[in-house]
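Content type PDB, C-alpha atoms, from the file final12.pdb:
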ATOM      1  CA  MET A   1      35.672 -11.509 -27.374  1.00  0.00           C
ATOM      2  CA  ASP A   2      32.152 -11.651 -25.961  1.00  0.00           C
ATOM      3  CA  PRO A   3      30.447 -14.609 -27.720  1.00  0.00           C
ATOM      4  CA  VAL A   4      27.160 -12.716 -28.013  1.00  0.00           C
ATOM      5  CA  THR A   5      28.878  -9.723 -29.607  1.00  0.00           C
ATOM      6  CA  LEU A   6      30.780 -11.969 -32.007  1.00  0.00           C
ATOM      7  CA  ILE A   7      27.626 -13.894 -32.947  1.00  0.00           C
ATOM      8  CA  GLY A   8      25.787 -10.641 -33.616  1.00  0.00           C
ATOM      9  CA  PHE A   9      28.581  -9.349 -35.849  1.00  0.00           C
ATOM     10  CA  VAL A  10      28.741 -12.619 -37.767  1.00  0.00           C
ATOM     11  CA  ILE A  11      24.968 -12.909 -38.256  1.00  0.00           C
ATOM     12  CA  SER A  12      24.745  -9.374 -39.627  1.00  0.00           C
ATOM     13  CA  LEU A  13      27.658  -9.847 -42.015  1.00  0.00           C
ATOM     14  CA  VAL A  14      26.559 -13.289 -43.210  1.00  0.00           C
ATOM     15  CA  ALA A  15      23.013 -12.054 -43.855  1.00  0.00           C
ATOM     16  CA  PHE A  16      24.392  -9.213 -45.947  1.00  0.00           C
ATOM     17  CA  LEU A  17      26.729 -11.480 -47.923  1.00  0.00           C
ATOM     18  CA  VAL A  18      23.883 -13.920 -48.619  1.00  0.00           C
ATOM     19  CA  PHE A  19      21.790 -11.003 -49.841  1.00  0.00           C
ATOM     20  CA  MET A  20      24.574  -9.958 -52.206  1.00  0.00           C
ATOM     21  CA  VAL A  21      24.879 -13.474 -53.615  1.00  0.00           C
ATOM     22  CA  LEU A  22      21.110 -13.774 -54.111  1.00  0.00           C
ATOM     23  CA  GLU A  23      21.114 -10.438 -55.912  1.00  0.00           C
ATOM     24  CA  GLY A  24      23.867 -11.641 -58.214  1.00  0.00           C
ATOM     25  CA  ALA A  25      26.569  -9.385 -56.765  1.00  0.00           C
ATOM     26  CA  SER A  26      30.028 -10.618 -55.872  1.00  0.00           C
ATOM     27  CA  PRO A  27      30.977 -10.434 -52.155  1.00  0.00           C
ATOM     28  CA  GLY A  28      34.555  -9.985 -53.327  1.00  0.00           C
ATOM     29  CA  SER A  29      33.631  -6.522 -54.581  1.00  0.00           C
ATOM     30  CA  LEU A  30      33.578  -5.374 -50.947  1.00  0.00           C
ATOM     31  CA  ILE A  31      37.354  -5.784 -50.749  1.00  0.00           C
ATOM     32  CA  PHE A  32      38.215  -2.298 -51.936  1.00  0.00           C
ATOM     33  CA  LEU A  33      41.106  -1.013 -49.835  1.00  0.00           C
ATOM     34  CA  PRO A  34      40.727   2.753 -50.509  1.00  0.00           C
ATOM     35  CA  ALA A  35      37.101   2.668 -49.331  1.00  0.00           C
ATOM     36  CA  ILE A  36      37.957   0.623 -46.232  1.00  0.00           C
ATOM     37  CA  ILE A  37      40.794   2.959 -45.251  1.00  0.00           C
ATOM     38  CA  LEU A  38      38.667   6.057 -45.785  1.00  0.00           C
ATOM     39  CA  VAL A  39      35.659   4.865 -43.814  1.00  0.00           C
ATOM     40  CA  ILE A  40      37.430   3.192 -40.890  1.00  0.00           C
ATOM     41  CA  VAL A  41      40.341   5.588 -40.411  1.00  0.00           C
ATOM     42  CA  ALA A  42      38.535   8.841 -41.219  1.00  0.00           C
ATOM     43  CA  THR A  43      35.551   7.866 -39.061  1.00  0.00           C
ATOM     44  CA  PHE A  44      37.835   7.119 -36.126  1.00  0.00           C
ATOM     45  CA  GLY A  45      39.630  10.427 -36.682  1.00  0.00           C
ATOM     46  CA  ALA A  46      36.382  12.401 -36.790  1.00  0.00           C
ATOM     47  CA  ALA A  47      35.134  10.785 -33.575  1.00  0.00           C
ATOM     48  CA  LEU A  48      38.534  11.318 -31.944  1.00  0.00           C
ATOM     49  CA  ALA A  49      38.386  15.023 -32.771  1.00  0.00           C
ATOM     50  CA  SER A  50      35.332  15.358 -30.536  1.00  0.00           C
ATOM     51  CA  GLN A  51      37.166  13.997 -27.478  1.00  0.00           C
ATOM     52  CA  THR A  52      39.650  15.483 -25.046  1.00  0.00           C
ATOM     53  CA  THR A  53      43.246  14.391 -24.548  1.00  0.00           C
ATOM     54  CA  ALA A  54      42.231  12.592 -21.361  1.00  0.00           C
ATOM     55  CA  ASP A  55      39.475  10.782 -23.259  1.00  0.00           C
ATOM     56  CA  MET A  56      41.902   9.672 -25.959  1.00  0.00           C
ATOM     57  CA  LYS A  57      43.882   7.675 -23.401  1.00  0.00           C
ATOM     58  CA  LYS A  58      40.726   5.753 -22.480  1.00  0.00           C
ATOM     59  CA  ILE A  59      39.843   4.645 -26.030  1.00  0.00           C
ATOM     60  CA  PRO A  60      41.590   1.229 -25.763  1.00  0.00           C
ATOM     61  CA  THR A  61      39.553   0.573 -22.615  1.00  0.00           C
ATOM     62  CA  TRP A  62      36.380   1.634 -24.437  1.00  0.00           C
ATOM     63  CA  PHE A  63      37.037  -0.869 -27.209  1.00  0.00           C
ATOM     64  CA  LYS A  64      37.492  -3.597 -24.591  1.00  0.00           C
ATOM     65  CA  MET A  65      34.182  -2.622 -22.995  1.00  0.00           C
ATOM     66  CA  ALA A  66      32.499  -2.878 -26.391  1.00  0.00           C
ATOM     67  CA  VAL A  67      33.754  -6.327 -27.394  1.00  0.00           C
ATOM     68  CA  LEU A  68      34.845  -8.218 -24.278  1.00  0.00           C
ATOM     69  CA  PRO A  69      32.438 -10.146 -22.011  1.00  0.00           C
ATOM     70  CA  ALA A  70      30.651  -7.963 -19.475  1.00  0.00           C
ATOM     71  CA  LYS A  71      31.797  -8.246 -15.860  1.00  0.00           C
ATOM     72  CA  VAL A  72      28.412  -8.481 -14.151  1.00  0.00           C
ATOM     73  CA  PRO A  73      28.251 -10.970 -11.248  1.00  0.00           C
ATOM     74  CA  ALA A  74      25.007 -12.874 -10.737  1.00  0.00           C
ATOM     75  CA  ALA A  75      22.624 -11.016  -8.442  1.00  0.00           C
ATOM     76  CA  THR A  76      22.037 -14.115  -6.313  1.00  0.00           C
ATOM     77  CA  GLU A  77      25.769 -14.356  -5.600  1.00  0.00           C
ATOM     78  CA  GLN A  78      25.863 -10.727  -4.495  1.00  0.00           C
ATOM     79  CA  ILE A  79      22.800 -11.213  -2.325  1.00  0.00           C
ATOM     80  CA  GLN A  80      24.248 -14.318  -0.680  1.00  0.00           C
ATOM     81  CA  THR A  81      27.461 -12.439   0.109  1.00  0.00           C
ATOM     82  CA  LEU A  82      25.517  -9.591   1.688  1.00  0.00           C
ATOM     83  CA  VAL A  83      23.301 -11.962   3.679  1.00  0.00           C
ATOM     84  CA  THR A  84      26.368 -13.777   5.017  1.00  0.00           C
ATOM     85  CA  LEU A  85      27.865 -10.456   6.053  1.00  0.00           C
ATOM     86  CA  ALA A  86      24.575  -9.420   7.656  1.00  0.00           C
ATOM     87  CA  GLU A  87      24.531 -12.638   9.712  1.00  0.00           C
ATOM     88  CA  LYS A  88      28.033 -12.012  11.013  1.00  0.00           C
ATOM     89  CA  ALA A  89      27.361  -8.339  11.744  1.00  0.00           C
ATOM     90  CA  ARG A  90      24.121  -9.208  13.550  1.00  0.00           C
ATOM     91  CA  LYS A  91      25.847 -11.754  15.790  1.00  0.00           C
ATOM     92  CA  GLU A  92      29.235 -10.130  16.369  1.00  0.00           C
ATOM     93  CA  GLY A  93      28.810  -6.471  15.413  1.00  0.00           C
ATOM     94  CA  LEU A  94      30.104  -4.398  12.506  1.00  0.00           C
ATOM     95  CA  LEU A  95      33.690  -4.492  13.709  1.00  0.00           C
ATOM     96  CA  ALA A  96      33.678  -8.240  13.161  1.00  0.00           C
ATOM     97  CA  LEU A  97      33.480  -7.580   9.410  1.00  0.00           C
ATOM     98  CA  GLU A  98      37.029  -6.184   9.320  1.00  0.00           C
ATOM     99  CA  ALA A  99      38.473  -9.578   8.491  1.00  0.00           C
ATOM    100  CA  GLU A 100      35.744 -10.284   5.909  1.00  0.00           C
ATOM    101  CA  VAL A 101      36.379  -7.037   4.031  1.00  0.00           C
ATOM    102  CA  LYS A 102      39.865  -8.200   3.072  1.00  0.00           C
ATOM    103  CA  LYS A 103      38.408 -11.264   1.309  1.00  0.00           C
ATOM    104  CA  ILE A 104      35.945  -9.312  -0.834  1.00  0.00           C
ATOM    105  CA  GLU A 105      36.907  -8.875  -4.493  1.00  0.00           C
ATOM    106  CA  SER A 106      34.512  -6.047  -5.376  1.00  0.00           C
ATOM    107  CA  PRO A 107      36.287  -2.707  -4.710  1.00  0.00           C
ATOM    108  CA  PHE A 108      32.920  -0.930  -4.481  1.00  0.00           C
ATOM    109  CA  LEU A 109      31.549  -3.313  -1.834  1.00  0.00           C
ATOM    110  CA  LYS A 110      34.851  -3.264   0.010  1.00  0.00           C
ATOM    111  CA  ARG A 111      34.859   0.559   0.218  1.00  0.00           C
ATOM    112  CA  GLY A 112      31.245   0.682   1.310  1.00  0.00           C
ATOM    113  CA  LEU A 113      31.690  -1.879   4.066  1.00  0.00           C
ATOM    114  CA  GLN A 114      34.891  -0.249   5.294  1.00  0.00           C
ATOM    115  CA  MET A 115      33.173   3.124   5.579  1.00  0.00           C
ATOM    116  CA  SER A 116      30.314   1.437   7.394  1.00  0.00           C
ATOM    117  CA  ILE A 117      32.735  -0.210   9.829  1.00  0.00           C
ATOM    118  CA  ASP A 118      34.496   3.133  10.343  1.00  0.00           C
ATOM    119  CA  GLY A 119      31.222   4.608  11.568  1.00  0.00           C
ATOM    120  CA  THR A 120      30.315   6.786   8.598  1.00  0.00           C
ATOM    121  CA  ASP A 121      26.872   8.354   8.967  1.00  0.00           C
ATOM    122  CA  PRO A 122      24.301   6.258   7.009  1.00  0.00           C
ATOM    123  CA  GLU A 123      23.099   9.222   4.958  1.00  0.00           C
ATOM    124  CA  ASP A 124      26.647  10.298   4.146  1.00  0.00           C
ATOM    125  CA  LEU A 125      27.550   6.722   3.234  1.00  0.00           C
ATOM    126  CA  ARG A 126      24.620   6.435   0.840  1.00  0.00           C
ATOM    127  CA  THR A 127      25.429   9.813  -0.703  1.00  0.00           C
ATOM    128  CA  ILE A 128      29.061   8.814  -1.288  1.00  0.00           C
ATOM    129  CA  LEU A 129      28.225   5.448  -2.835  1.00  0.00           C
ATOM    130  CA  GLU A 130      25.439   6.841  -5.015  1.00  0.00           C
ATOM    131  CA  GLY A 131      27.870   9.526  -6.146  1.00  0.00           C
ATOM    132  CA  GLU A 132      30.276   6.797  -7.289  1.00  0.00           C
ATOM    133  CA  ILE A 133      27.478   5.141  -9.252  1.00  0.00           C
ATOM    134  CA  ALA A 134      26.551   8.424 -10.922  1.00  0.00           C
ATOM    135  CA  ALA A 135      30.194   9.058 -11.815  1.00  0.00           C
ATOM    136  CA  LYS A 136      30.506   5.604 -13.378  1.00  0.00           C
ATOM    137  CA  LYS A 137      27.328   6.097 -15.407  1.00  0.00           C
ATOM    138  CA  ALA A 138      28.636   9.430 -16.679  1.00  0.00           C
ATOM    139  CA  GLU A 139      31.984   7.931 -17.685  1.00  0.00           C
ATOM    140  CA  ASP A 140      30.347   4.984 -19.444  1.00  0.00           C
ATOM    141  CA  LYS A 141      28.040   7.396 -21.270  1.00  0.00           C
ATOM    142  CA  VAL A 142      31.075   9.131 -22.771  1.00  0.00           C
ATOM    143  CA  ALA A 143      32.386   5.779 -24.018  1.00  0.00           C
ATOM    144  CA  ALA A 144      29.022   4.865 -25.559  1.00  0.00           C
ATOM    145  CA  LYS A 145      28.721   8.279 -27.216  1.00  0.00           C
ATOM    146  CA  PHE A 146      32.129   7.793 -28.857  1.00  0.00           C
ATOM    147  CA  PHE A 147      30.929   4.739 -30.773  1.00  0.00           C
ATOM    148  CA  THR A 148      27.544   6.308 -31.440  1.00  0.00           C
ATOM    149  CA  ALA A 149      29.386   9.269 -32.955  1.00  0.00           C
ATOM    150  CA  MET A 150      31.390   6.902 -35.163  1.00  0.00           C
ATOM    151  CA  GLY A 151      28.103   5.363 -36.257  1.00  0.00           C
ATOM    152  CA  GLY A 152      26.887   8.809 -37.233  1.00  0.00           C
ATOM    153  CA  TYR A 153      30.025   9.871 -39.087  1.00  0.00           C
ATOM    154  CA  ALA A 154      30.662   6.645 -41.035  1.00  0.00           C
ATOM    155  CA  PRO A 155      27.781   6.897 -43.574  1.00  0.00           C
ATOM    156  CA  THR A 156      28.563  10.532 -44.348  1.00  0.00           C
ATOM    157  CA  ILE A 157      32.254   9.814 -44.796  1.00  0.00           C
ATOM    158  CA  GLY A 158      31.262   6.956 -47.077  1.00  0.00           C
ATOM    159  CA  ILE A 159      29.272   9.431 -49.174  1.00  0.00           C
ATOM    160  CA  LEU A 160      32.360  11.636 -49.423  1.00  0.00           C
ATOM    161  CA  GLY A 161      34.253   8.662 -50.816  1.00  0.00           C
ATOM    162  CA  CYS A 162      31.429   8.098 -53.295  1.00  0.00           C
ATOM    163  CA  ILE A 163      31.601  11.729 -54.425  1.00  0.00           C
ATOM    164  CA  VAL A 164      35.352  11.492 -54.988  1.00  0.00           C
ATOM    165  CA  GLY A 165      34.817   8.305 -56.997  1.00  0.00           C
ATOM    166  CA  LEU A 166      32.124   9.953 -59.108  1.00  0.00           C
ATOM    167  CA  MET A 167      34.473  12.871 -59.763  1.00  0.00           C
ATOM    168  CA  ASN A 168      36.914  10.352 -61.239  1.00  0.00           C
ATOM    169  CA  VAL A 169      34.062   8.928 -63.314  1.00  0.00           C
ATOM    170  CA  MET A 170      33.254  12.355 -64.722  1.00  0.00           C
ATOM    171  CA  GLY A 171      36.872  12.741 -65.701  1.00  0.00           C
ATOM    172  CA  SER A 172      36.783   9.469 -67.633  1.00  0.00           C
ATOM    173  CA  LEU A 173      33.646   9.966 -69.740  1.00  0.00           C
ATOM    174  CA  SER A 174      35.760   9.598 -72.867  1.00  0.00           C
ATOM    175  CA  ASN A 175      36.352   5.945 -71.930  1.00  0.00           C
ATOM    176  CA  PRO A 176      32.864   4.330 -71.718  1.00  0.00           C
ATOM    177  CA  GLU A 177      34.213   0.848 -71.075  1.00  0.00           C
ATOM    178  CA  ALA A 178      35.784   1.930 -67.799  1.00  0.00           C
ATOM    179  CA  LEU A 179      32.710   3.753 -66.471  1.00  0.00           C
ATOM    180  CA  GLY A 180      30.910   0.688 -65.091  1.00  0.00           C
ATOM    181  CA  PRO A 181      33.702  -0.531 -62.801  1.00  0.00           C
ATOM    182  CA  MET A 182      34.505   3.035 -61.741  1.00  0.00           C
ATOM    183  CA  VAL A 183      30.886   3.795 -60.776  1.00  0.00           C
ATOM    184  CA  SER A 184      30.724   0.520 -58.863  1.00  0.00           C
ATOM    185  CA  ALA A 185      33.931   1.335 -56.993  1.00  0.00           C
ATOM    186  CA  ALA A 186      32.586   4.800 -56.173  1.00  0.00           C
ATOM    187  CA  PHE A 187      29.562   3.363 -54.363  1.00  0.00           C
ATOM    188  CA  ILE A 188      31.617   0.852 -52.371  1.00  0.00           C
ATOM    189  CA  ALA A 189      32.686   3.613 -49.977  1.00  0.00           C
ATOM    190  CA  THR A 190      29.058   4.472 -49.228  1.00  0.00           C
ATOM    191  CA  LEU A 191      28.332   0.816 -48.678  1.00  0.00           C
ATOM    192  CA  TRP A 192      31.199   0.480 -46.234  1.00  0.00           C
ATOM    193  CA  GLY A 193      30.096   3.593 -44.358  1.00  0.00           C
ATOM    194  CA  VAL A 194      26.540   2.370 -43.840  1.00  0.00           C
ATOM    195  CA  MET A 195      27.680  -1.178 -43.074  1.00  0.00           C
ATOM    196  CA  ALA A 196      30.315  -0.153 -40.532  1.00  0.00           C
ATOM    197  CA  ALA A 197      27.885   2.172 -38.765  1.00  0.00           C
ATOM    198  CA  ASN A 198      24.999  -0.276 -38.463  1.00  0.00           C
ATOM    199  CA  PHE A 199      26.874  -3.570 -38.137  1.00  0.00           C
ATOM    200  CA  TRP A 200      29.628  -2.472 -35.743  1.00  0.00           C
ATOM    201  CA  PHE A 201      29.823   1.063 -34.361  1.00  0.00           C
ATOM    202  CA  LEU A 202      26.202   1.635 -33.263  1.00  0.00           C
ATOM    203  CA  PRO A 203      25.890  -1.872 -31.742  1.00  0.00           C
ATOM    204  CA  MET A 204      29.157  -1.325 -29.846  1.00  0.00           C
ATOM    205  CA  GLY A 205      27.803   1.901 -28.364  1.00  0.00           C
ATOM    206  CA  ALA A 206      24.555   0.152 -27.419  1.00  0.00           C
ATOM    207  CA  LYS A 207      26.539  -2.703 -25.827  1.00  0.00           C
ATOM    208  CA  ILE A 208      28.428  -0.306 -23.555  1.00  0.00           C
ATOM    209  CA  THR A 209      25.179   1.381 -22.527  1.00  0.00           C
ATOM    210  CA  ARG A 210      23.568  -1.962 -21.662  1.00  0.00           C
ATOM    211  CA  VAL A 211      26.574  -3.210 -19.683  1.00  0.00           C
ATOM    212  CA  SER A 212      26.715   0.106 -17.818  1.00  0.00           C
ATOM    213  CA  GLU A 213      23.049  -0.250 -16.852  1.00  0.00           C
ATOM    214  CA  LEU A 214      23.595  -3.788 -15.552  1.00  0.00           C
ATOM    215  CA  GLN A 215      26.685  -2.832 -13.571  1.00  0.00           C
ATOM    216  CA  ALA A 216      24.964   0.228 -12.096  1.00  0.00           C
ATOM    217  CA  ALA A 217      22.028  -1.943 -11.030  1.00  0.00           C
ATOM    218  CA  GLN A 218      24.446  -4.311  -9.282  1.00  0.00           C
ATOM    219  CA  MET A 219      26.106  -1.394  -7.493  1.00  0.00           C
ATOM    220  CA  GLU A 220      22.710  -0.056  -6.396  1.00  0.00           C
ATOM    221  CA  LEU A 221      21.922  -3.500  -5.003  1.00  0.00           C
ATOM    222  CA  LEU A 222      25.157  -3.401  -3.014  1.00  0.00           C
ATOM    223  CA  VAL A 223      24.311   0.054  -1.655  1.00  0.00           C
ATOM    224  CA  GLU A 224      21.008  -1.246  -0.310  1.00  0.00           C
ATOM    225  CA  GLY A 225      22.716  -4.273   1.180  1.00  0.00           C
ATOM    226  CA  ILE A 226      25.391  -2.192   2.900  1.00  0.00           C
ATOM    227  CA  ALA A 227      22.736   0.128   4.309  1.00  0.00           C
ATOM    228  CA  GLU A 228      20.779  -2.819   5.726  1.00  0.00           C
ATOM    229  CA  ILE A 229      23.900  -4.341   7.262  1.00  0.00           C
ATOM    230  CA  GLN A 230      24.791  -1.020   8.856  1.00  0.00           C
ATOM    231  CA  ALA A 231      21.273  -0.729  10.251  1.00  0.00           C
ATOM    232  CA  GLY A 232      21.506  -4.192  11.813  1.00  0.00           C
ATOM    233  CA  THR A 233      18.646  -5.650   9.773  1.00  0.00           C
ATOM    234  CA  SER A 234      18.029  -9.376  10.163  1.00  0.00           C
ATOM    235  CA  PRO A 235      19.606 -11.565   7.451  1.00  0.00           C
ATOM    236  CA  ARG A 236      16.199 -12.908   6.394  1.00  0.00           C
ATOM    237  CA  THR A 237      14.861  -9.399   5.868  1.00  0.00           C
ATOM    238  CA  VAL A 238      18.036  -8.402   4.023  1.00  0.00           C
ATOM    239  CA  ARG A 239      17.568 -11.299   1.593  1.00  0.00           C
ATOM    240  CA  ALA A 240      13.893 -10.449   1.069  1.00  0.00           C
ATOM    241  CA  LYS A 241      14.556  -6.755   0.429  1.00  0.00           C
ATOM    242  CA  LEU A 242      17.445  -7.360  -1.949  1.00  0.00           C
ATOM    243  CA  THR A 243      15.682 -10.135  -3.840  1.00  0.00           C
ATOM    244  CA  SER A 244      12.756  -7.780  -4.451  1.00  0.00           C
ATOM    245  CA  LEU A 245      15.140  -5.512  -6.382  1.00  0.00           C
ATOM    246  CA  VAL A 246      16.146  -8.251  -8.821  1.00  0.00           C
ATOM    247  CA  PRO A 247      14.085  -8.688 -12.024  1.00  0.00           C
ATOM    248  CA  PRO A 248      11.943 -11.881 -11.907  1.00  0.00           C
ATOM    249  CA  SER A 249      13.564 -13.259 -15.059  1.00  0.00           C
ATOM    250  CA  GLU A 250      17.018 -12.969 -13.477  1.00  0.00           C
ATOM    251  CA  GLN A 251      15.812 -14.641 -10.269  1.00  0.00           C
ATOM    252  CA  GLN A 252      14.532 -17.600 -12.286  1.00  0.00           C
ATOM    253  CA  ARG A 253      17.738 -17.794 -14.337  1.00  0.00           C
ATOM    254  CA  ASP A 254      19.984 -17.818 -11.285  1.00  0.00           C
ATOM    255  CA  ALA A 255      17.762 -20.367  -9.541  1.00  0.00           C
ATOM    256  CA  ALA A 256      17.941 -22.759 -12.527  1.00  0.00           C
TER     257      ALA A 256
END
The structure in this file should be written as structure tokens.
Amino acid sequence: MDPVTLIGFVISLVAFLVFMVLEGASPGSLIFLPAIILVIVATFGAALASQTTADMKKIPTWFKMAVLPAKVPAATEQIQTLVTLAEKARKEGLLALEAEVKKIESPFLKRGLQMSIDGTDPEDLRTILEGEIAAKKAEDKVAAKFFTAMGGYAPTIGILGCIVGLMNVMGSLSNPEALGPMVSAAFIATLWGVMAANFWFLPMGAKITRVSELQAAQMELLVEGIAEIQAGTSPRTVRAKLTSLVPPSEQQRDAA
């Protein structure tokens, strides 16, 4: 699990539990299985109903995107790779990059360089690669919207659980001693709905959006690098142009 994601989850939950203790409530009251089942399972089902069959097969991957560490290489590493390739292409020509392409791990960079070596028109090459970036952004947006939808459904489903609990309370008015615990149990579902939405589902959607933005920025950097290599730009100029696309804070971090 991504350490940052885990730390965020833990901080939110611990802060809430401390609040409960300071207010005199028992954290153990949260362990109410009917409410947990309703909120988690029904929320997932409601969000699932808004997807297609093809989308449903991607849900395990979406959960991995939301909780696993983001695969975003350092910009300086990408730039150094592109500069090295530019040096070789400048000295020996584009065809000399054939052997280098096989060593590259990034499928996106590998495809772009191979098309460049094959003599693809520069404008067509840029259009193709930018189309891949747009397609990735669109796919990631669907994943983020799934968790955002869960964050929207969870509180309302929690309210439904509260209503059902209050219906049971109304049916037990003849037993005043049981009303307190029953009312408390009724509101636990609402609590779980709001907590699940704001502690987990909405942050998971935001995490996917952020990772998608970072990965798209890296791909855009590669597009510029491939275009410069294809144009025969000097390695020094390639480094300068690509470095100018990297946020200053990231340049300083990678240089440290």
When distances are computed from all atoms listed in the file, which of A:Lys207, A:Val21, A:Leu109, A:Leu125 shows the smallest separation from Val4 (chain A)? A:Lys207
At most 12 Å from (15.6, -11.5, 6.9), file frame, all atoms listed in the file: which residues, as a PyMOL selection string? chain A and resi 79-80+82-84+86-87+90+225+228-229+232-243
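Put simply, CA of Pro122 (chain A) is 23.2 Å away from CA of Lys103 (chain A).
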Separation of CA of Ala143 (chain A) from CA of Ala216 (chain A), in Å and rounded to one decimal: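 Going from CA of Ala143 (chain A) over to CA of Ala216 (chain A) covers 15.1 Å.
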Which residues are close to region 153-161 of chain A, i.e. within 12 Å by all atoms listed in the file, leaving aside same-chain residues fewer than 5 positions away? Reply as a VMD selection string. chain A and resid 32 to 50 146 to 148 166 to 168 183 to 202
Could you spell out the hits of the PyMOL selection byres ((chain A and resi 2) around 7) on the shown file, as a PDB file with C-alpha atoms, keeping the file's coordinate frame?
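Saved result, result09.pdb, follows:
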ATOM      1  CA  MET A   1      35.672 -11.509 -27.374  1.00  0.00           C
ATOM      2  CA  PRO A   3      30.447 -14.609 -27.720  1.00  0.00           C
ATOM      3  CA  VAL A   4      27.160 -12.716 -28.013  1.00  0.00           C
ATOM      4  CA  THR A   5      28.878  -9.723 -29.607  1.00  0.00           C
ATOM      5  CA  LEU A   6      30.780 -11.969 -32.007  1.00  0.00           C
ATOM      6  CA  VAL A  67      33.754  -6.327 -27.394  1.00  0.00           C
ATOM      7  CA  LEU A  68      34.845  -8.218 -24.278  1.00  0.00           C
ATOM      8  CA  PRO A  69      32.438 -10.146 -22.011  1.00  0.00           C
TER       9      PRO A  69
END
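CA of Ile117 (chain A) lies 5.9 Å from CA of Leu95 (chain A).
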Which is closer to Ala138 (chain A) than all the others in A:Ser212, A:Thr53, A:Thr81, A:Ser116, using all atoms listed in the file?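 With all atoms listed in the file as the atom set, the closest residue is A:Ser212.
Minimum distance to Gln78 (chain A) across A:Met204, A:Val211, A:Ile104, A:Ile163 (counting only C-alpha atoms) occurs at A:Ile104.
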List the spatial neighbours of region 111-114 of chain A as a VMD selection string - criterion: any atom at most 10 Å away, all atoms listed in the file, same-chain residues fewer than 5 positions off excluded. chain A and resid 85 94 to 95 97 to 98 100 to 102 104 106 119 to 120 125 to 126 128 to 129 222 to 223 225 to 227 229 to 230
Centre, x/y/z edge lengths, axis-aligned box for region 211-217 of chain A with 8 Å per side, as JSON:
{"center_x": 24.4, "center_y": -1.8, "center_z": -15.4, "size_x": 20.7, "size_y": 20.0, "size_z": 24.7}
Closest of A:Ala74, A:Ala144, A:Val164, A:Lys137 to Glu250 (chain A), counting all atoms listed in the file, is A:Ala74
